[in-house]
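Undergrad: model_12.csv is reproduced in full below (CSV, C-alpha atoms and all ligand atoms).
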chain,number,residue,atom,x,y,z
A,9,MET,CA,0.0,0.0,0.0
A,10,LYS,CA,1.3,3.4,-0.8
A,11,LYS,CA,0.2,6.7,0.6
A,12,LEU,CA,-1.0,9.1,-2.1
A,13,TYR,CA,-1.1,12.2,-0.1
A,14,LYS,CA,0.8,13.2,3.0
A,15,HIS,CA,0.4,16.6,4.3
A,16,LYS,CA,4.0,17.3,5.0
A,17,LYS,CA,6.4,19.6,3.3
A,18,SER,CA,8.3,17.2,1.2
A,19,ALA,CA,10.7,17.5,-1.7
A,20,ILE,CA,9.4,14.6,-3.6
A,21,PHE,CA,7.0,16.2,-6.0
A,22,ALA,CA,6.5,20.0,-6.1
A,23,TYR,CA,8.2,21.7,-9.0
A,24,GLU,CA,7.7,25.0,-10.8
A,25,LEU,CA,6.2,25.9,-14.1
A,26,ALA,CA,7.1,29.5,-14.8
A,27,GLU,CA,3.9,30.6,-16.6
A,28,ARG,CA,1.2,28.1,-15.8
A,29,LYS,CA,1.1,27.5,-12.1
A,30,LEU,CA,-1.9,26.7,-10.1
A,31,ILE,CA,-1.8,27.9,-6.6
A,32,ILE,CA,-4.4,27.3,-4.0
A,33,GLN,CA,-3.0,29.2,-1.1
A,34,ASN,CA,-3.6,28.3,2.4
A,35,ILE,CA,-4.9,30.8,4.9
A,36,PHE,CA,-1.5,32.0,5.9
A,37,ASP,CA,-0.3,32.6,2.4
A,38,ASP,CA,2.0,29.6,2.8
A,39,ASN,CA,2.7,27.5,-0.2
A,40,LEU,CA,1.8,24.1,1.1
A,41,GLU,CA,3.2,21.4,-1.2
A,42,ILE,CA,1.2,18.3,-1.6
A,43,PRO,CA,3.3,15.3,-2.6
A,44,LEU,CA,1.4,13.4,-5.2
A,45,TYR,CA,2.6,9.9,-5.7
A,46,ASP,CA,5.5,9.7,-8.2
A,47,VAL,CA,3.4,7.8,-10.7
A,48,PHE,CA,2.2,11.1,-11.9
A,49,PHE,CA,5.7,12.2,-12.9
A,50,ARG,CA,5.8,9.5,-15.5
A,51,TYR,CA,2.9,11.2,-17.2
A,52,PHE,CA,4.1,14.6,-16.7
A,53,PRO,CA,7.5,15.5,-18.1
A,54,ARG,CA,9.7,17.2,-15.6
A,55,LYS,CA,10.9,19.9,-17.9
A,56,SER,CA,7.5,21.5,-18.2
A,57,GLY,CA,7.1,21.5,-14.5
A,58,LEU,CA,4.1,22.4,-12.4
A,59,LYS,CA,3.5,23.6,-8.9
A,60,ILE,CA,0.4,22.4,-7.2
A,61,VAL,CA,-0.3,24.0,-4.0
A,62,ALA,CA,-3.3,23.1,-2.0
A,63,VAL,CA,-4.7,22.7,1.5
A,64,ASP,CA,-7.0,19.7,1.7
A,65,GLU,CA,-7.0,16.5,3.5
A,66,ASN,CA,-8.9,14.7,0.9
A,67,ALA,CA,-6.6,12.8,-1.5
A,68,THR,CA,-9.3,12.2,-4.1
A,69,ASP,CA,-9.8,15.9,-4.6
A,70,ILE,CA,-6.1,16.4,-5.1
A,71,ILE,CA,-5.9,13.6,-7.6
A,72,ASP,CA,-8.9,14.9,-9.5
A,73,LEU,CA,-7.3,18.3,-9.5
A,74,PHE,CA,-4.1,16.9,-10.8
A,75,PHE,CA,-5.7,15.2,-13.7
A,76,GLN,CA,-7.7,18.2,-14.5
A,77,ILE,CA,-4.5,20.2,-14.8
A,78,LEU,CA,-2.9,17.4,-16.7
A,79,ARG,CA,-5.7,17.6,-19.3
A,80,ASP,CA,-5.6,21.3,-19.5
A,81,VAL,CA,-1.9,21.6,-19.9
A,82,THR,CA,-1.2,18.7,-22.2
A,83,GLY,CA,-4.6,18.7,-24.1
A,84,LYS,CA,-4.6,14.9,-23.8
A,85,ALA,CA,-7.5,12.7,-22.8
A,86,TYR,CA,-6.3,11.4,-19.5
A,87,GLN,CA,-8.8,9.5,-17.4
A,88,HIS,CA,-8.6,7.9,-14.0
A,89,SER,CA,-10.7,6.0,-11.7
A,90,LEU,CA,-10.2,5.6,-8.0
A,91,ALA,CA,-11.4,2.8,-5.8
A,92,ASP,CA,-8.7,0.9,-3.9
A,93,LYS,CA,-6.9,1.0,-7.2
A,94,LEU,CA,-5.8,4.0,-9.1
A,95,ILE,CA,-6.3,3.3,-12.8
A,96,VAL,CA,-5.0,5.7,-15.3
A,97,SER,CA,-5.8,5.6,-19.0
A,98,LEU,CA,-4.6,7.7,-21.9
A,99,ASP,CA,-6.6,7.7,-25.2
A,100,ASP,CA,-8.7,4.9,-23.8
A,101,LYS,CA,-5.7,2.6,-23.2
A,102,GLN,CA,-4.9,1.7,-19.6
A,103,THR,CA,-1.5,2.9,-18.8
A,104,HIS,CA,-1.2,2.3,-15.1
A,105,SER,CA,-2.9,0.5,-12.3
A,106,GLU,CA,-1.8,0.8,-8.7
A,107,THR,CA,-3.2,-0.2,-5.3
A,108,VAL,CA,-3.4,2.9,-3.2
A,109,ASP,CA,-4.4,4.0,0.3
A,110,ILE,CA,-6.7,6.9,0.1
A,111,ILE,CA,-7.9,9.2,2.8
A,112,THR,CA,-11.7,9.4,2.4
A,113,LYS,CA,-12.6,12.2,4.8
A,114,THR,CA,-15.0,14.5,3.0
A,115,ASP,CA,-17.0,16.3,5.7
A,116,LYS,CA,-16.5,20.0,5.2
A,117,THR,CA,-18.4,21.2,8.3
A,118,ILE,CA,-16.7,21.7,11.6
A,119,LEU,CA,-18.5,22.2,14.9
A,120,ILE,CA,-16.6,24.5,17.2
A,121,ALA,CA,-17.4,23.9,20.9
A,122,THR,CA,-17.7,27.6,21.8
A,123,ARG,CA,-20.4,30.1,22.6
A,124,ASN,CA,-18.0,32.9,22.0
A,125,GLU,CA,-18.9,34.8,18.8
A,126,GLY,CA,-15.6,36.7,18.7
A,127,LYS,CA,-13.6,33.4,18.5
A,128,THR,CA,-16.2,32.0,16.0
A,129,ARG,CA,-15.8,35.0,13.7
A,130,GLU,CA,-12.1,34.4,13.6
A,131,PHE,CA,-12.4,30.7,12.9
A,132,LYS,CA,-15.0,31.4,10.2
A,133,GLU,CA,-12.7,33.7,8.4
A,134,MET,CA,-9.7,31.3,8.7
A,135,PHE,CA,-11.7,28.1,7.7
A,136,SER,CA,-13.7,29.7,4.9
A,137,GLN,CA,-10.6,30.0,2.8
A,138,LEU,CA,-10.2,26.2,3.2
A,139,GLY,CA,-13.8,25.6,2.1
A,140,TYR,CA,-15.1,24.7,5.5
A,141,THR,CA,-18.3,25.8,7.1
A,142,ILE,CA,-18.3,26.5,10.8
A,143,ASN,CA,-21.0,25.9,13.4
A,144,ASN,CA,-20.8,26.8,17.0
A,145,LEU,CA,-22.8,25.8,20.1
A,146,ASN,CA,-25.2,28.8,19.7
A,147,ASP,CA,-26.5,26.8,16.7
A,148,PHE,CA,-27.3,23.9,19.1
A,149,PRO,CA,-29.2,25.4,22.0
A,150,ASP,CA,-30.1,22.0,23.4
A,151,LEU,CA,-26.5,21.0,24.1
A,152,PRO,CA,-25.5,21.5,27.8
A,153,GLU,CA,-22.9,24.0,29.1
A,154,VAL,CA,-19.6,22.3,29.7
A,155,ALA,CA,-18.1,23.4,33.0
A,156,GLU,CA,-14.5,24.5,32.6
A,157,THR,CA,-13.2,22.8,35.7
A,158,GLY,CA,-9.6,22.2,34.5
A,159,MET,CA,-6.6,24.0,35.8
A,160,THR,CA,-4.9,24.2,32.4
A,161,PHE,CA,-5.9,25.3,28.9
A,162,GLU,CA,-5.5,21.8,27.6
A,163,GLU,CA,-7.7,20.3,30.3
A,164,ASN,CA,-10.5,22.8,29.5
A,165,ALA,CA,-10.1,22.5,25.7
A,166,ARG,CA,-10.3,18.7,26.1
A,167,LEU,CA,-13.4,19.0,28.3
A,168,LYS,CA,-15.2,21.2,25.7
A,169,ALA,CA,-14.1,19.2,22.6
A,170,GLU,CA,-14.5,15.7,24.0
A,171,THR,CA,-17.8,16.2,25.8
A,172,ILE,CA,-19.4,17.7,22.7
A,173,ALA,CA,-17.9,15.1,20.4
A,174,GLU,CA,-19.4,12.3,22.6
A,175,LEU,CA,-22.8,14.0,22.7
A,176,THR,CA,-23.1,14.8,19.0
A,177,GLY,CA,-21.1,11.9,17.6
A,178,GLN,CA,-19.2,14.3,15.3
A,179,MET,CA,-15.8,15.8,15.0
A,180,VAL,CA,-15.5,18.9,17.3
A,181,LEU,CA,-12.9,21.6,17.6
A,182,ALA,CA,-12.5,23.5,20.9
A,183,ASP,CA,-10.4,26.5,21.8
A,184,ASP,CA,-9.4,27.4,25.3
A,185,SER,CA,-7.5,30.5,25.5
A,186,GLY,CA,-6.5,33.4,27.7
A,187,LEU,CA,-4.2,36.3,28.4
A,188,MET,CA,-1.1,35.7,30.6
A,189,VAL,CA,0.4,38.8,32.1
A,190,ASP,CA,3.9,38.2,33.4
A,191,VAL,CA,3.9,40.6,36.3
A,192,LEU,CA,0.7,38.9,37.5
A,193,GLY,CA,2.3,35.5,37.5
A,194,GLY,CA,0.4,34.4,34.3
A,195,LEU,CA,-3.0,35.6,35.4
A,196,PRO,CA,-5.7,35.9,34.3
A,197,GLY,CA,-4.7,32.8,32.3
A,198,VAL,CA,-7.4,30.1,32.3
A,199,TRP,CA,-9.6,32.4,34.3
A,200,SER,CA,-9.5,35.1,31.6
A,201,ALA,CA,-13.2,34.9,30.7
A,202,ARG,CA,-14.2,35.1,34.4
A,203,PHE,CA,-11.4,37.4,35.8
A,204,ALA,CA,-13.9,40.0,37.1
A,205,GLY,CA,-16.4,37.3,38.2
A,206,ASP,CA,-18.7,34.7,36.7
A,207,ASN,CA,-20.4,36.0,33.5
A,208,ALA,CA,-18.2,39.1,33.5
A,209,THR,CA,-18.4,41.3,30.5
A,210,ASP,CA,-15.3,42.1,28.4
A,211,ALA,CA,-15.4,45.6,29.7
A,212,ALA,CA,-15.4,44.5,33.3
A,213,ASN,CA,-12.5,42.1,32.7
A,214,ASN,CA,-10.5,44.8,31.0
A,215,ALA,CA,-11.2,47.3,33.8
A,216,LYS,CA,-10.1,44.7,36.4
A,217,LEU,CA,-6.9,44.1,34.5
A,218,LEU,CA,-6.0,47.8,34.3
A,219,HIS,CA,-6.8,48.1,38.0
A,220,GLU,CA,-4.5,45.2,39.0
A,221,LEU,CA,-1.6,46.7,37.0
A,222,ALA,CA,-2.3,50.3,38.3
A,223,SER,CA,-2.4,49.1,41.9
A,224,THR,CA,0.9,47.4,41.6
A,225,ALA,CA,2.4,50.5,39.9
A,226,VAL,CA,3.8,48.5,37.0
A,227,THR,CA,6.2,50.4,34.8
A,228,PRO,CA,5.7,50.2,31.0
A,229,GLU,CA,8.6,47.8,30.4
A,230,ARG,CA,7.1,45.4,33.0
A,231,ARG,CA,3.7,45.2,31.3
A,232,THR,CA,4.7,42.2,29.0
A,233,ALA,CA,2.1,39.6,28.3
A,234,ARG,CA,1.1,36.8,25.9
A,235,PHE,CA,-2.1,35.4,24.5
A,236,HIS,CA,-2.3,31.7,24.6
A,237,THR,CA,-4.6,29.3,22.7
A,238,THR,CA,-4.8,25.5,23.1
A,239,LEU,CA,-6.9,23.8,20.4
A,240,VAL,CA,-8.2,20.3,20.7
A,241,VAL,CA,-9.9,18.3,17.9
A,242,ALA,CA,-11.9,15.4,19.2
A,243,THR,CA,-13.9,12.7,17.6
A,244,PRO,CA,-15.8,9.9,19.5
A,245,GLU,CA,-13.6,7.1,20.8
A,246,ARG,CA,-10.3,8.4,19.4
A,247,ASN,CA,-7.3,10.2,20.8
A,248,SER,CA,-7.7,13.9,20.4
A,249,LEU,CA,-5.3,16.1,18.6
A,250,VAL,CA,-3.8,18.9,20.7
A,251,VAL,CA,-1.9,22.0,19.5
A,252,GLU,CA,-1.1,25.4,21.0
A,253,GLY,CA,-0.1,28.9,19.9
A,254,GLU,CA,1.1,32.1,21.6
A,255,TRP,CA,1.3,35.8,20.7
A,256,LEU,CA,3.7,38.1,22.5
A,257,GLY,CA,2.8,41.6,23.5
A,258,ALA,CA,2.2,44.1,26.3
A,259,ILE,CA,-0.7,45.6,28.2
A,260,ALA,CA,-1.7,49.1,27.2
A,261,THR,CA,-2.6,51.8,29.8
A,262,ILE,CA,-5.8,52.7,28.1
A,263,PRO,CA,-8.0,50.6,25.7
A,264,LYS,CA,-7.5,51.4,22.0
A,265,GLY,CA,-9.4,50.2,18.9
A,266,ASP,CA,-12.9,49.0,18.2
A,267,ASP,CA,-12.4,45.6,16.6
A,268,GLY,CA,-12.0,42.1,18.1
A,269,PHE,CA,-13.3,41.0,21.5
A,270,GLY,CA,-12.1,40.2,25.0
A,271,TYR,CA,-8.8,41.9,25.9
A,272,ASP,CA,-8.0,43.0,22.4
A,273,PRO,CA,-8.2,46.7,23.2
A,274,LEU,CA,-5.5,46.3,25.8
A,275,PHE,CA,-3.2,43.9,24.1
A,276,ILE,CA,-0.4,45.6,22.1
A,277,ASP,CA,1.2,43.4,19.5
A,278,ASP,CA,5.1,43.4,19.8
A,279,GLU,CA,5.7,43.6,16.1
A,280,THR,CA,3.4,46.5,15.0
A,281,GLY,CA,2.7,48.4,18.2
A,282,LYS,CA,-1.0,48.2,17.5
A,283,THR,CA,-3.5,46.8,19.9
A,284,ALA,CA,-5.3,43.7,18.6
A,285,ALA,CA,-8.5,45.8,18.5
A,286,GLN,CA,-6.8,48.2,16.1
A,287,MET,CA,-6.1,45.4,13.6
A,288,THR,CA,-8.6,44.2,11.0
A,289,LEU,CA,-9.8,40.7,11.3
A,290,ALA,CA,-7.5,39.6,8.5
A,291,GLN,CA,-4.5,41.3,10.1
A,292,LYS,CA,-5.2,39.7,13.5
A,293,ASN,CA,-5.7,36.3,11.8
A,294,LYS,CA,-2.2,36.4,10.4
A,295,VAL,CA,-0.4,36.8,13.7
A,296,SER,CA,-2.7,35.8,16.6
A,297,HIS,CA,-2.3,33.0,19.1
A,298,ARG,CA,-5.4,31.4,17.5
A,299,ALA,CA,-3.9,31.7,14.0
A,300,ARG,CA,-0.6,30.2,15.1
A,301,ALA,CA,-2.3,27.3,16.8
A,302,LEU,CA,-4.5,26.7,13.8
A,303,LYS,CA,-1.5,26.7,11.5
A,304,LYS,CA,0.0,23.9,13.6
A,305,LEU,CA,-3.3,22.1,13.6
A,306,LEU,CA,-3.5,22.2,9.8
A,307,GLU,CA,0.0,20.7,9.6
A,308,LYS,CA,-0.9,17.8,11.8
A,309,TRP,CA,-4.5,17.3,10.9
A,310,PRO,CA,-4.2,15.1,7.7
A,311,GLU,CA,-1.8,12.7,9.4
A,312,TRP,CA,-4.2,12.5,12.4
A,313,LEU,CA,-7.2,12.0,10.1
A,314,ASN,CA,-5.3,9.3,8.3
A,315,GLU,CA,-4.7,7.5,11.6
A,316,ILE,CA,-8.3,7.7,12.7
A,317,THR,CA,-9.8,6.6,9.4
A,318,ARG,CA,-7.7,3.4,9.3
B,1,LIG,O1,-15.3,28.7,26.4
B,1,LIG,P1,-15.9,29.3,25.2
B,1,LIG,O2,-17.3,29.0,25.0
B,1,LIG,O3,-15.1,28.9,23.9
B,1,LIG,O4,-15.8,30.9,25.3
B,1,LIG,P2,-15.0,31.7,26.4
B,1,LIG,O5,-15.1,33.2,26.0
B,1,LIG,O6,-15.4,31.3,27.7
B,1,LIG,O7,-13.5,31.3,26.1
B,1,LIG,P3,-12.4,30.7,27.1
B,1,LIG,O8,-13.0,29.9,28.1
B,1,LIG,O9,-11.3,30.1,26.2
B,1,LIG,O10,-11.8,32.1,27.7
B,1,LIG,C1,-11.0,32.8,26.9
B,1,LIG,C2,-11.1,34.3,27.3
B,1,LIG,O11,-9.8,34.9,27.0
B,1,LIG,C3,-9.9,36.0,26.3
B,1,LIG,N1,-9.4,35.8,25.0
B,1,LIG,C4,-9.1,34.7,24.3
B,1,LIG,N2,-8.7,34.9,23.1
B,1,LIG,C5,-8.8,36.2,22.9
B,1,LIG,C6,-8.5,37.1,21.8
B,1,LIG,O12,-8.1,36.6,20.6
B,1,LIG,N3,-8.7,38.4,22.0
B,1,LIG,C7,-9.1,38.9,23.2
B,1,LIG,N4,-9.4,38.2,24.2
B,1,LIG,C8,-9.2,36.8,24.1
B,1,LIG,C9,-11.4,36.4,26.3
B,1,LIG,O13,-11.7,37.2,27.4
B,1,LIG,C10,-12.1,35.0,26.4
B,1,LIG,O14,-13.3,35.1,27.0
B,2,MG,MG,-15.1,29.4,28.5
Is it possible to give me this structure as structure tokens?
TA:
Amino acid sequence: MKKLYKHKKSAIFAYELAERKLIIQNIFDDNLEIPLYDVFFRYFPRKSGLKIVAVDENATDIIDLFFQILRDVTGKAYQHSLADKLIVSLDDKQTHSETVDIITKTDKTILIATRNEGKTREFKEMFSQLGYTINNLNDFPDLPEVAETGMTFEENARLKAETIAELTGQMVLADDSGLMVDVLGGLPGVWSARFAGDNATDAANNAKLLHELASTAVTPERRTARFHTTLVVATPERNSLVVEGEWLGAIATIPKGDDGFGYDPLFIDDETGKTAAQMTLAQKNKVSHRARALKKLLEKWPEWLNEITR
């Protein structure tokens, strides 16, 4: 058995065609190179070269795409069929037959175990570019609240993802995140959503944070902080996939900007000097803790899917 598609940067297949290149960029503008099995090279002369760049965990889509390009570029009548065998024919003559191992995941909807619309908006933007539709728990009012009783981001993200995956029988992504302020020993951390008390508003949490820093007379250079996200993808009866991402910055003395949610008006990005609330959704989604975690998730996801569909 050979693997047709492995979602790792690998030198084995990608090559350039100066004029005719097809690029399906991923959400971070990275060129993700999908290794197609080398049988294709026999049908596609190296000198003409082609770069196929895509984000998709579904090998059949990639193979379809490849043959589509092959037909367009060469003008020849390539045909293929995929079952557990890949059969390729040219001008009605069978030219190749190979047993292959295909990842057959086709579901393009992801349920995010969150009621936070700010997070959801970010995930929607990030995933829409990959062709995924996002639902969150506000679309399922009958599902229960999951108590965040963990002491770590991972424990809470697991609780949210694994409980909802069990209840719904589907694949679920959860995000547990928070702001960690160095001079406060990492607080508010896992308590970020409830820093000013249960069901606290964003404004109350921000006011409490400013108050804590003011009362300890913290100098500007000691206002360093980071946003943290742990993402967990769970599916019933399988081991979950866990990744994390961080974003370094500092806490402002007054809130600035109108976009975003949570502590965004107080979080100054180290690189640009802007608060997260002064960034557009697209700008934040390039550098945020959530974006960095999602990038790692996308790198690991196909391999993980491959394991769980075996
Ligand atoms: O548990 P769910 O339903 O996902 O929603 P939540 O708001 O309770 O989410 P968390 O438990 O993960 O708490 C994270 C809190 O950290 C803050 N936070 C997380 N990511 C943030 C971001 O990108 N910008 C600003 N604040 C953020 C914000 O106050 C969140 O409420
Ligand atoms: Mg929460």
Undergrad: Kindly work out which residues sit at most 7 Å from ligand MG 2 (chain B), using all atoms listed in the file, and give the list as a list in words.
TA: Glu156, Asp184 and Ala201 of chain A
Undergrad: For A:Arg202, which residue out of A:Thr238, A:Ile276, A:Asp99, A:Gly270 is the nearest one, using all atoms listed in the file?
TA: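 Once distances to A:Arg202 are computed over all atoms listed in the file, the minimum belongs to A:Gly270.
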Undergrad: Where does chain A meet ligand LIG 1 (chain B) within 8 Å, residue by residue, with the nearest atom pair and distance in Å to one decimal for each, counting all atoms listed in the file, listed by chain and rising number, as a Markdown table?
TA:
| residue | atom | partner | partner_atom | distance |
| --- | --- | --- | --- | --- |
| A:Ala121 | CA | B:LIG1 | O3 | 6.3 |
| A:Thr122 | CA | B:LIG1 | O2 | 3.5 |
| A:Arg123 | CA | B:LIG1 | O2 | 4.1 |
| A:Asn124 | CA | B:LIG1 | O4 | 4.4 |
| A:Gly126 | CA | B:LIG1 | O12 | 7.7 |
| A:Lys127 | CA | B:LIG1 | O12 | 6.7 |
| A:Glu156 | CA | B:LIG1 | O8 | 7.2 |
| A:Phe161 | CA | B:LIG1 | O9 | 7.7 |
| A:Asn164 | CA | B:LIG1 | O8 | 7.7 |
| A:Ala165 | CA | B:LIG1 | O9 | 7.7 |
| A:Lys168 | CA | B:LIG1 | O1 | 7.5 |
| A:Ala182 | CA | B:LIG1 | O3 | 6.7 |
| A:Asp183 | CA | B:LIG1 | O3 | 5.7 |
| A:Asp184 | CA | B:LIG1 | O9 | 3.4 |
| A:Ser185 | CA | B:LIG1 | O9 | 3.9 |
| A:Gly186 | CA | B:LIG1 | O11 | 3.7 |
| A:Leu187 | CA | B:LIG1 | O11 | 5.9 |
| A:Gly197 | CA | B:LIG1 | O11 | 7.6 |
| A:Val198 | CA | B:LIG1 | O10 | 6.7 |
| A:Trp199 | CA | B:LIG1 | O10 | 7.0 |
| A:Ser200 | CA | B:LIG1 | O11 | 4.6 |
| A:Ala201 | CA | B:LIG1 | O14 | 3.7 |
| A:Arg202 | CA | B:LIG1 | O14 | 7.5 |
| A:Asp210 | CA | B:LIG1 | O13 | 6.2 |
| A:Asn213 | CA | B:LIG1 | O13 | 7.3 |
| A:Phe235 | CA | B:LIG1 | N2 | 6.8 |
| A:His236 | CA | B:LIG1 | N2 | 7.3 |
| A:Thr237 | CA | B:LIG1 | N2 | 7.0 |
| A:Gly268 | CA | B:LIG1 | N3 | 6.3 |
| A:Phe269 | CA | B:LIG1 | C7 | 5.0 |
| A:Gly270 | CA | B:LIG1 | N4 | 3.5 |
| A:Tyr271 | CA | B:LIG1 | C7 | 4.0 |
| A:Asp272 | CA | B:LIG1 | C7 | 4.3 |
| A:Pro273 | CA | B:LIG1 | C7 | 7.9 |
| A:Phe275 | CA | B:LIG1 | C7 | 7.8 |
| A:Ala284 | CA | B:LIG1 | N3 | 7.2 |
| A:Ser296 | CA | B:LIG1 | O12 | 6.8 |
| A:His297 | CA | B:LIG1 | O12 | 7.0 |
| A:Arg298 | CA | B:LIG1 | O12 | 6.6 |
Undergrad: Would you mind reading off the distance between atom CA of A:His219 and atom CA of A:Asp190, one decimal, in Å?
TA: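 So the two atoms, atom CA of A:His219 and atom CA of A:Asp190, lie 15.3 Å apart.
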Undergrad: Take atom CA of A:Val154 and atom CA of A:Ile120 and report the distance between them in Å, one decimal.
TA: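 Distance between the two atoms: 13.0 Å.
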Undergrad: For A:Leu302, work out the shell of residues within 12 Å, counting all atoms listed in the file and skipping chain neighbours fewer than 6 positions away, then give it as a ChimeraX atom specification.
TA: /A:34-36,130-131,134-135,181-183,237-241,249-254,293-296,308-309
Undergrad: May I have the residues within 10 Å of A:Gly177 as number ranges by chain, using all atoms listed in the file and disregarding those fewer than 6 positions away in the same chain?
TA: A: 170-171, 242-245
Undergrad: Please indicate the distance in Å from atom CA of A:Gly158 to atom CA of A:Leu195, rounded to one decimal place.
TA: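 Distance between the two atoms: 15.0 Å.
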Undergrad: Pick out the residues sitting within 10 Å of A:Phe148, and hand them over as a list of chain:residue names; count all atoms listed in the file, and ignore anything fewer than 4 positions along from it in its own chain.
TA: A:Leu119, A:Arg123, A:Asn143, A:Asn144, A:Pro152
Undergrad: Output C-alpha atoms for every residue in the selection just made, as a tab-separated table (two decimals), in the coordinates of the input.
TA:
chain	number	residue	atom	x	y	z
A	119	LEU	CA	-18.50	22.20	14.90
A	123	ARG	CA	-20.40	30.10	22.60
A	143	ASN	CA	-21.00	25.90	13.40
A	144	ASN	CA	-20.80	26.80	17.00
A	152	PRO	CA	-25.50	21.50	27.80
Undergrad: Counting all atoms listed in the file, which residue out of A:Pro263, A:Arg300, A:Lys101, A:Pro149 sits closest to A:Ala211?
TA: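 Distance minimum relative to A:Ala211 lands on A:Pro263.
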Undergrad: Looking at A:Ala233, A:Leu221, A:Ala215, A:Met287, which one is nearest to A:Gly194, with distances taken over only C-alpha atoms?
TA: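 Smallest separation from A:Gly194 among the options: A:Ala233.
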